[in-house]
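Structure file target_26.txt; described as compact mmCIF, C-alpha atoms.
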```
# COMPACT_ATOMS: atom_id res chain seq x y z
CA MET U 1 42.09 29.57 74.31
CA ALA U 2 44.20 31.33 76.92
CA LEU U 3 47.91 31.29 77.61
CA VAL U 4 48.88 32.65 81.01
CA PRO U 5 52.50 33.85 81.27
CA THR U 6 53.92 35.02 84.58
CA LEU U 7 57.30 36.67 85.09
CA THR U 8 58.90 37.11 88.49
CA LEU U 9 62.09 39.13 89.02
CA THR U 10 63.75 39.03 92.43
CA ASP U 11 66.99 40.27 93.95
CA SER U 12 67.27 41.13 97.59
CA THR U 13 70.99 41.69 97.94
CA THR U 14 72.68 43.28 94.91
CA PHE U 15 71.09 46.71 95.12
CA SER U 16 70.07 48.98 97.95
CA ASP U 17 66.48 48.76 96.79
CA GLU U 18 65.18 45.22 96.53
CA ILE U 19 63.88 44.00 93.18
CA SER U 20 60.74 42.02 93.71
CA PHE U 21 57.93 42.11 91.25
CA SER U 22 55.71 39.79 89.33
CA VAL U 23 53.59 40.40 86.25
CA THR U 24 51.10 38.16 84.55
CA ASP U 25 48.80 38.30 81.57
CA SER U 26 46.08 36.27 79.92
CA LEU U 27 46.76 35.92 76.21
CA THR U 28 44.25 34.83 73.60
CA VAL U 29 46.06 32.49 71.25
CA THR U 30 45.21 30.38 68.26
CA ALA U 31 46.75 28.00 65.76
CA PRO U 32 49.32 27.57 64.43
CA SER U 33 51.22 26.82 67.59
CA SER U 34 53.84 24.47 68.92
CA SER U 35 54.00 23.34 72.51
CA LEU U 36 57.33 22.81 74.21
CA SER U 37 59.76 21.22 71.76
CA THR U 38 63.48 20.63 71.58
CA ILE U 39 65.78 21.37 68.69
CA VAL U 40 69.50 21.07 68.06
CA ALA U 41 70.58 24.29 66.38
CA THR U 42 73.61 24.62 64.12
CA ALA U 43 75.63 27.44 62.58
CA THR U 44 73.20 27.42 59.66
CA GLY U 45 70.08 29.26 60.74
CA SER U 46 67.89 27.93 57.96
CA GLN U 47 68.28 24.43 59.42
CA SER U 48 66.55 25.50 62.64
CA VAL U 49 63.37 27.37 61.78
CA ILE U 50 61.15 27.33 64.87
CA VAL U 51 58.33 29.66 63.77
CA PRO U 52 57.11 29.34 60.19
CA ALA U 53 56.86 32.37 57.93
CA SER U 54 53.85 34.52 58.72
CA THR U 55 52.77 38.11 59.16
CA ASN U 56 51.07 37.16 62.44
CA ILE U 57 52.33 38.00 65.91
CA ALA U 58 53.73 34.97 67.73
CA TYR U 59 54.26 34.64 71.47
CA LEU U 60 57.64 32.95 71.54
CA PHE U 61 59.54 31.14 74.28
CA VAL U 62 63.12 30.01 73.65
CA ARG U 63 65.54 28.55 76.20
CA HIS U 64 69.23 27.69 75.72
CA THR U 65 69.74 24.41 77.60
CA GLY U 66 73.48 24.92 78.03
CA THR U 67 74.05 21.57 76.35
CA THR U 68 74.61 20.12 72.91
CA ASP U 69 72.44 17.07 73.51
CA GLY U 70 70.79 17.35 76.91
CA SER U 71 73.91 16.34 78.84
CA THR U 72 77.14 17.60 77.22
CA GLY U 73 77.76 21.18 78.27
CA THR U 74 78.35 24.06 75.87
CA THR U 75 78.67 27.81 76.23
CA ARG U 76 78.17 28.62 72.56
CA GLN U 77 75.75 31.51 72.15
CA VAL U 78 72.71 31.24 69.92
CA ASP U 79 71.07 34.01 67.94
CA VAL U 80 67.30 34.14 67.76
CA GLU U 81 66.68 35.81 64.42
CA PHE U 82 64.17 36.33 61.67
CA THR U 83 64.49 34.02 58.67
CA THR U 84 65.72 37.11 56.84
CA ASP U 85 68.77 36.94 59.19
CA GLU U 86 67.85 40.07 61.16
CA ALA U 87 68.79 39.50 64.81
CA ILE U 88 66.23 39.56 67.61
CA ALA U 89 68.33 38.43 70.59
CA ARG U 90 71.39 36.40 71.55
CA LEU U 91 71.03 33.69 74.18
CA SER U 92 73.88 32.44 76.37
CA ALA U 93 73.79 29.13 78.22
CA GLU U 94 70.70 28.73 80.45
CA GLU U 95 69.16 32.00 79.27
CA TRP U 96 65.64 32.29 77.90
CA LEU U 97 63.29 34.85 76.41
CA PHE U 98 59.57 35.30 76.17
CA MET U 99 58.21 37.91 73.80
CA PRO U 100 55.55 38.70 71.20
CA VAL U 101 57.57 38.50 68.00
CA HIS U 102 56.56 40.68 65.10
CA HIS U 103 58.59 41.74 62.07
CA ALA U 104 56.04 44.36 60.96
CA GLU U 105 57.19 44.52 57.36
CA ALA U 106 57.55 41.06 55.90
CA ASP U 107 56.18 37.54 55.84
CA VAL U 108 59.00 35.91 57.78
CA GLY U 109 59.64 33.25 60.38
CA VAL U 110 62.06 32.83 63.26
CA GLN U 111 65.17 30.66 63.29
CA LEU U 112 68.07 29.79 65.58
CA HIS U 113 71.70 30.27 64.64
CA VAL U 114 74.68 29.07 66.69
CA GLN U 115 77.38 31.73 66.92
CA HIS U 116 80.24 29.66 65.54
CA SER U 117 81.33 28.62 62.11
CA SER U 118 82.19 25.01 62.84
CA PRO U 119 79.47 22.58 61.75
CA SER U 120 80.27 20.48 64.80
CA ASP U 121 79.22 23.25 67.17
CA VAL U 122 75.61 22.61 68.01
CA VAL U 123 73.32 23.70 70.85
CA GLN U 124 70.15 22.09 72.12
CA LEU U 125 67.34 24.52 72.84
CA GLU U 126 63.75 24.36 73.99
CA TYR U 127 61.09 26.44 72.30
CA ALA U 128 57.36 26.96 72.02
CA TYR U 129 55.20 29.45 70.19
CA TRP U 130 51.56 30.43 69.95
CA THR U 131 49.92 32.71 67.38
CA LYS U 132 48.22 35.78 68.85
CA GLY U 133 44.46 35.43 68.54
CA MET N 134 77.69 36.60 94.94
CA ALA N 135 74.26 38.16 94.83
CA THR N 136 72.26 37.57 91.69
CA THR N 137 68.98 38.58 90.16
CA THR N 138 66.63 35.71 89.43
CA ALA N 139 64.11 35.69 86.60
CA THR N 140 61.38 33.07 86.67
CA LEU N 141 58.89 32.39 83.91
CA SER N 142 55.72 30.36 84.13
CA LEU N 143 53.59 29.53 81.09
CA THR N 144 50.33 27.74 81.73
CA SER N 145 47.17 26.90 79.86
CA ALA N 146 44.37 24.51 80.60
CA ASP N 147 42.51 24.71 77.32
CA MET N 148 44.90 25.25 74.40
CA THR N 149 45.41 21.61 73.54
CA SER N 150 44.50 18.17 74.86
CA ASP N 151 47.66 18.29 76.93
CA ALA N 152 47.56 21.02 79.60
CA LEU N 153 50.57 23.35 79.39
CA ASN N 154 52.73 23.98 82.43
CA ILE N 155 56.20 25.35 81.64
CA ASN N 156 58.37 26.70 84.44
CA CYS N 157 61.93 27.92 84.13
CA SER N 158 64.19 30.06 86.23
CA THR N 159 67.56 31.62 85.53
CA GLN N 160 70.18 33.61 87.37
CA LEU N 161 71.19 36.77 85.50
CA TYR N 162 74.96 36.55 85.10
CA LYS N 163 77.69 38.55 83.43
CA ILE N 164 78.60 36.95 80.10
CA GLY N 165 80.81 33.90 80.50
CA THR N 166 80.78 34.00 84.30
CA THR N 167 78.64 33.08 87.30
CA ILE N 168 78.88 36.61 88.66
CA GLY N 169 75.58 38.39 89.01
CA LEU N 170 74.70 41.50 87.05
CA ASP N 171 75.48 44.61 89.03
CA GLY N 172 73.62 47.44 87.32
CA THR N 173 69.96 48.27 86.94
CA THR N 174 67.92 51.15 85.64
CA GLY N 175 65.18 50.36 88.13
CA LEU N 176 61.63 50.02 86.97
CA ALA N 177 60.81 53.13 84.95
CA SER N 178 57.62 54.27 83.30
CA LYS N 179 56.69 56.71 80.58
CA THR N 180 53.32 58.13 79.63
CA THR N 181 52.92 59.25 76.02
CA THR N 182 50.32 61.26 74.16
CA SER N 183 51.66 60.91 70.64
CA THR N 184 52.63 58.18 68.22
CA SER N 185 56.27 59.30 68.11
CA ILE N 186 58.92 56.64 68.55
CA TYR N 187 61.02 56.97 71.72
CA THR N 188 64.16 55.32 73.09
CA ILE N 189 64.01 53.45 76.37
CA PHE N 190 67.61 52.13 76.36
CA GLY N 191 70.34 53.82 74.34
CA GLU N 192 73.07 51.62 72.92
CA ALA N 193 75.70 54.28 73.63
CA ASP N 194 75.02 53.96 77.36
CA TYR N 195 75.94 50.26 77.61
CA SER N 196 78.76 47.97 76.51
CA ASP N 197 78.13 45.73 73.52
CA ASN N 198 77.68 41.98 73.90
CA LYS N 199 77.57 42.01 77.69
CA GLY N 200 75.00 40.65 80.11
CA LEU N 201 72.01 42.86 79.43
CA LYS N 202 68.40 41.77 80.06
CA PHE N 203 65.34 43.95 79.74
CA PHE N 204 61.68 43.90 80.63
CA VAL N 205 58.99 45.96 78.88
CA ARG N 206 55.28 46.05 79.61
CA ASN N 207 52.35 47.80 77.98
CA THR N 208 50.27 48.81 80.98
CA ALA N 209 47.08 49.39 78.99
CA SER N 210 44.20 47.16 79.97
CA PRO N 211 42.60 44.99 77.31
CA ASN N 212 39.36 46.67 78.39
CA ASP N 213 40.59 50.25 78.01
CA SER N 214 38.79 50.64 74.74
CA ASP N 215 37.30 48.43 72.09
CA GLU N 216 37.87 51.11 69.48
CA VAL N 217 41.42 52.29 70.12
CA ALA N 218 44.35 49.92 69.73
CA TYR N 219 46.66 50.59 72.67
CA THR N 220 49.72 48.79 71.36
CA LEU N 221 53.48 49.29 71.42
CA LEU N 222 55.85 48.33 68.64
CA LEU N 223 59.29 47.29 69.91
CA THR N 224 62.21 48.21 67.68
CA LEU N 225 65.92 47.40 67.89
CA GLY N 226 67.62 50.14 65.89
CA SER N 227 65.35 50.37 62.89
CA GLN N 228 64.19 46.76 62.95
CA ALA N 229 60.78 45.97 64.46
CA VAL N 230 61.01 42.79 66.50
CA GLY N 231 58.01 42.77 68.82
CA TYR N 232 54.45 43.94 69.30
CA LEU N 233 52.96 44.46 72.74
CA GLY N 234 49.20 44.46 73.01
CA PRO N 235 47.37 45.83 76.07
CA GLY N 236 48.75 44.15 79.18
CA ASP N 237 51.47 42.29 77.25
CA TRP N 238 55.07 42.17 78.43
CA LEU N 239 58.35 40.66 77.37
CA PHE N 240 61.67 39.70 78.93
CA MET N 241 64.72 39.12 76.76
CA PRO N 242 68.49 39.54 76.47
CA TRP N 243 69.88 42.49 74.56
CA ASP N 244 73.29 42.73 72.88
CA GLY N 245 73.55 46.48 73.38
CA THR N 246 74.37 47.25 69.76
CA ASP N 247 71.14 49.05 68.82
CA ASP N 248 68.82 51.40 70.67
CA VAL N 249 65.70 49.81 72.15
CA LYS N 250 62.69 51.88 71.13
CA LEU N 251 58.92 51.87 71.49
CA THR N 252 56.28 53.31 69.20
CA PRO N 253 52.77 53.83 70.60
CA SER N 254 49.93 53.08 68.23
CA THR N 255 47.79 55.96 69.44
CA ALA N 256 48.05 59.57 70.58
CA GLN N 257 45.69 58.72 73.42
CA SER N 258 47.44 58.63 76.78
CA MET N 259 49.20 55.33 77.34
CA LYS N 260 51.96 54.16 79.63
CA SER N 261 54.86 51.76 79.25
CA GLU N 262 57.00 50.25 82.00
CA TYR N 263 60.55 49.10 81.43
CA MET N 264 63.62 47.95 83.30
CA LEU N 265 67.14 46.90 82.36
CA VAL N 266 69.47 44.78 84.46
CA TYR N 267 72.98 45.08 83.09
CA GLU N 268 76.66 44.33 83.43
CA ILE N 269 78.85 47.21 84.54
```

Rewrite the coordinates I just gave you, this time as C-alpha cells.
Amino acid sequence: MALVPTLTLTDSTTFSDEISFSVTDSLTVTAPSSSLSTIVATATGSQSVIVPASTNIAYLFVRHTGTTDGSTGTTRQVDVEFTTDEAIARLSAEEWLFMPVHHAEADVGVQLHVQHSSPSDVVQLEYAYWTKG
Amino acid sequence: MATTTATLSLTSADMTSDALNINCSTQLYKIGTTIGLDGTTGLASKTTTSTSIYTIFGEADYSDNKGLKFFVRNTASPNDSDEVAYTLLLTLGSQAVGYLGPGDWLFMPWDGTDDVKLTPSTAQSMKSEYMLVYEI
C-alpha cells in the first residue's frame, strides 16, 4: 500500500531569490493507521492520544483548524507531543505538520495538548497517521 | 504583505476502501499576526561520510517561540542499496522525534528552543537537504 505525500513551497515576492520547489515521495505503509479524523484537544494531553503507543515509525499529519468546534475561532496553540510529554512541535492556528514520527527509545504514542490551563480552552484539529511498512 | 505558502497533498488509491485525497495549504505567518515570515536560510544541503550527529539549525541563532518552519529531506534513493540503511534520525536537543528513510521528507513548525540535529545511519556518503523559513 502506498501513500504519496507532496509538499510545495512557494514565495515569489518576499526574497530576492524566489522560493519554488516541490518534493514528493511514495511511502510503503501498513496497519495500524487512521485516515483523516477530527479531535477536540484539551489542556490534558492524555485525553487526546492520536497515535497509540508503539515502537514503530508513524507518518503523521496534524492540522490546527483555528477553531474550537469547526466554526468558533481560537488562536490557542497546541503542542504535538509524545505520550511521555516530550514536545515534538507547537502548532498555531491553521498550521500543520507532516513528518515520520519516531521516539527511538521507548514504546510511546503521540498526543495533543492545548497550551492553556483552563479546561474550557479547547481546539479542534485534524489528524491522520500511517505506520511505516 | 508577501507570504510563503506551503501546500501539502496526501493521496493513496489502495490503502483502504476509501481512496485518500487530503489537500491543505497554509500561509507562513509571524506568530499571532498575518504578516509573512521574512527570513530564510535558503535550501541547503550537506553530504556526510560518518555517523556523527550534526546541527542543521542552532537554537541560539533564532528567537524562541516565533514563527519558524523547517523542511528536511533525506535525498537517498530507496534503490541506493538493499544492504545499507540510508536513514536520518531527527533530534530536537537530545530527544529523537523523527526518522527519515531514503527519499523521506518532513515539514513542521519549530519553537526554536532546542537545536535541530540529524544523525546519519551510515558512514557511506549520503546527503540531506534542509531549509528554514523564520521570523526576524

- Item | region 57-67 of chain U environment, 9 Å, all atoms listed in the file, sequence neighbours closer than 4 positions dropped, as a PyMOL selection string | (chain U and resi 27+29+33+36+51+71-78+80+91-104+122-133) or (chain N and resi 157+231-232)

- Item | Spatial neighbours of Leu153 (chain N), max dist 12 Å, only C-alpha atoms, sep filter under 4 positions, as a list in words |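 Skipping anything fewer than 4 positions along the chain leaves Met1, Ala2, Leu3, Val4, Pro5, Ser34, Ser35, Leu36, Ala128, Tyr129 and Trp130 of chain U; Ser142, Leu143, Thr144, Ser145, Ala146, Asp147, Met148 and Thr149 of chain N.
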
- List every protein, DNA or RNA residue that has at least one atom no more than 7 Å from (71.7, 34.8, 57.5) in the file's coordinates, counting all atoms listed in the file, and write the result as number ranges by chain. U: 45, 84-85

Each residue of chain N with at least one atom at most 9 Å from chain U should appear once, together with its nearest atom pair and the corresponding distance in Å (one decimal); atoms considered: all atoms listed in the file; ordering: chain, then increasing residue number; output as CSV.
```
residue,atom,partner,partner_atom,distance
N:Met134,CA,U:Thr14,CA,8.4
N:Ala135,CA,U:Thr14,CA,5.4
N:Thr136,CA,U:Asp11,CA,6.3
N:Thr137,CA,U:Asp11,CA,4.6
N:Thr138,CA,U:Thr10,CA,5.3
N:Ala139,CA,U:Leu9,CA,4.7
N:Thr140,CA,U:Thr8,CA,5.1
N:Leu141,CA,U:Leu7,CA,4.7
N:Ser142,CA,U:Thr6,CA,5.0
N:Leu143,CA,U:Pro5,CA,4.5
N:Thr144,CA,U:Val4,CA,5.2
N:Ser145,CA,U:Leu3,CA,5.0
N:Ala146,CA,U:Ala2,CA,7.8
N:Asp147,CA,U:Met1,CA,5.7
N:Met148,CA,U:Met1,CA,5.2
N:Thr149,CA,U:Met1,CA,8.7
N:Leu153,CA,U:Ser35,CA,7.7
N:Ile155,CA,U:Leu36,CA,7.9
N:Cys157,CA,U:Trp96,CA,8.5
N:Ser158,CA,U:Trp96,CA,8.7
N:Thr159,CA,U:Glu95,CA,6.5
N:Gln160,CA,U:Glu95,CA,8.3
N:Leu161,CA,U:Glu95,CA,8.1
N:Ile164,CA,U:Ser92,CA,7.5
N:Gly165,CA,U:Thr75,CA,7.7
N:Gly169,CA,U:Thr14,CA,8.2
N:Leu170,CA,U:Thr14,CA,8.3
N:Asp171,CA,U:Thr14,CA,6.6
N:Gly172,CA,U:Phe15,CA,8.2
N:Thr173,CA,U:Phe15,CA,8.4
N:Gly175,CA,U:Ile19,CA,8.2
N:Leu176,CA,U:Ile19,CA,8.9
N:Asn198,CA,U:Arg90,CA,8.7
N:Arg206,CA,U:Val23,CA,8.9
N:Leu222,CA,U:His102,CA,8.5
N:Leu223,CA,U:His102,CA,8.6
N:Leu225,CA,U:Ile88,CA,7.9
N:Gln228,CA,U:His103,CA,7.6
N:Ala229,CA,U:His103,CA,5.3
N:Val230,CA,U:His102,CA,5.1
N:Gly231,CA,U:Val101,CA,4.4
N:Tyr232,CA,U:Pro100,CA,5.7
N:Leu233,CA,U:Pro100,CA,6.5
N:Gly234,CA,U:Pro100,CA,8.8
N:Gly236,CA,U:Asp25,CA,6.3
N:Asp237,CA,U:Asp25,CA,6.5
N:Trp238,CA,U:Met99,CA,7.0
N:Leu239,CA,U:Met99,CA,4.5
N:Phe240,CA,U:Phe98,CA,5.6
N:Met241,CA,U:Leu97,CA,4.5
N:Pro242,CA,U:Ala89,CA,6.0
N:Trp243,CA,U:Ala89,CA,5.9
N:Asp244,CA,U:Arg90,CA,6.7
```

- Task: Enter the distance from CA of Pro52 (chain U) to CA of Gly70 (chain U), in Å, rounded to one decimal.
- Result: 24.7 Å

- Message: Quick check, in Å to one decimal: how far apart do CA of Ser16 (chain U) and CA of Thr174 (chain N) lie?
- Response: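 Computing it gives 12.7 Å between the two atoms.
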
- Message: If we draw a sphere of 10 Å around (69.5, 50.4, 69.2), which residues have at least one atom in it when counting all atoms listed in the file? Please report them as a list in words.
- Response: Thr188, Ile189, Phe190, Gly191, Glu192, Ala193, Thr224, Leu225, Gly226, Ser227, Gln228, Trp243, Asp244, Gly245, Thr246, Asp247, Asp248, Val249 and Lys250 of chain N

- Note on the structure: Students should find that CA of Tyr263 (chain N) and CA of Phe203 (chain N) are spaced 7.2 Å
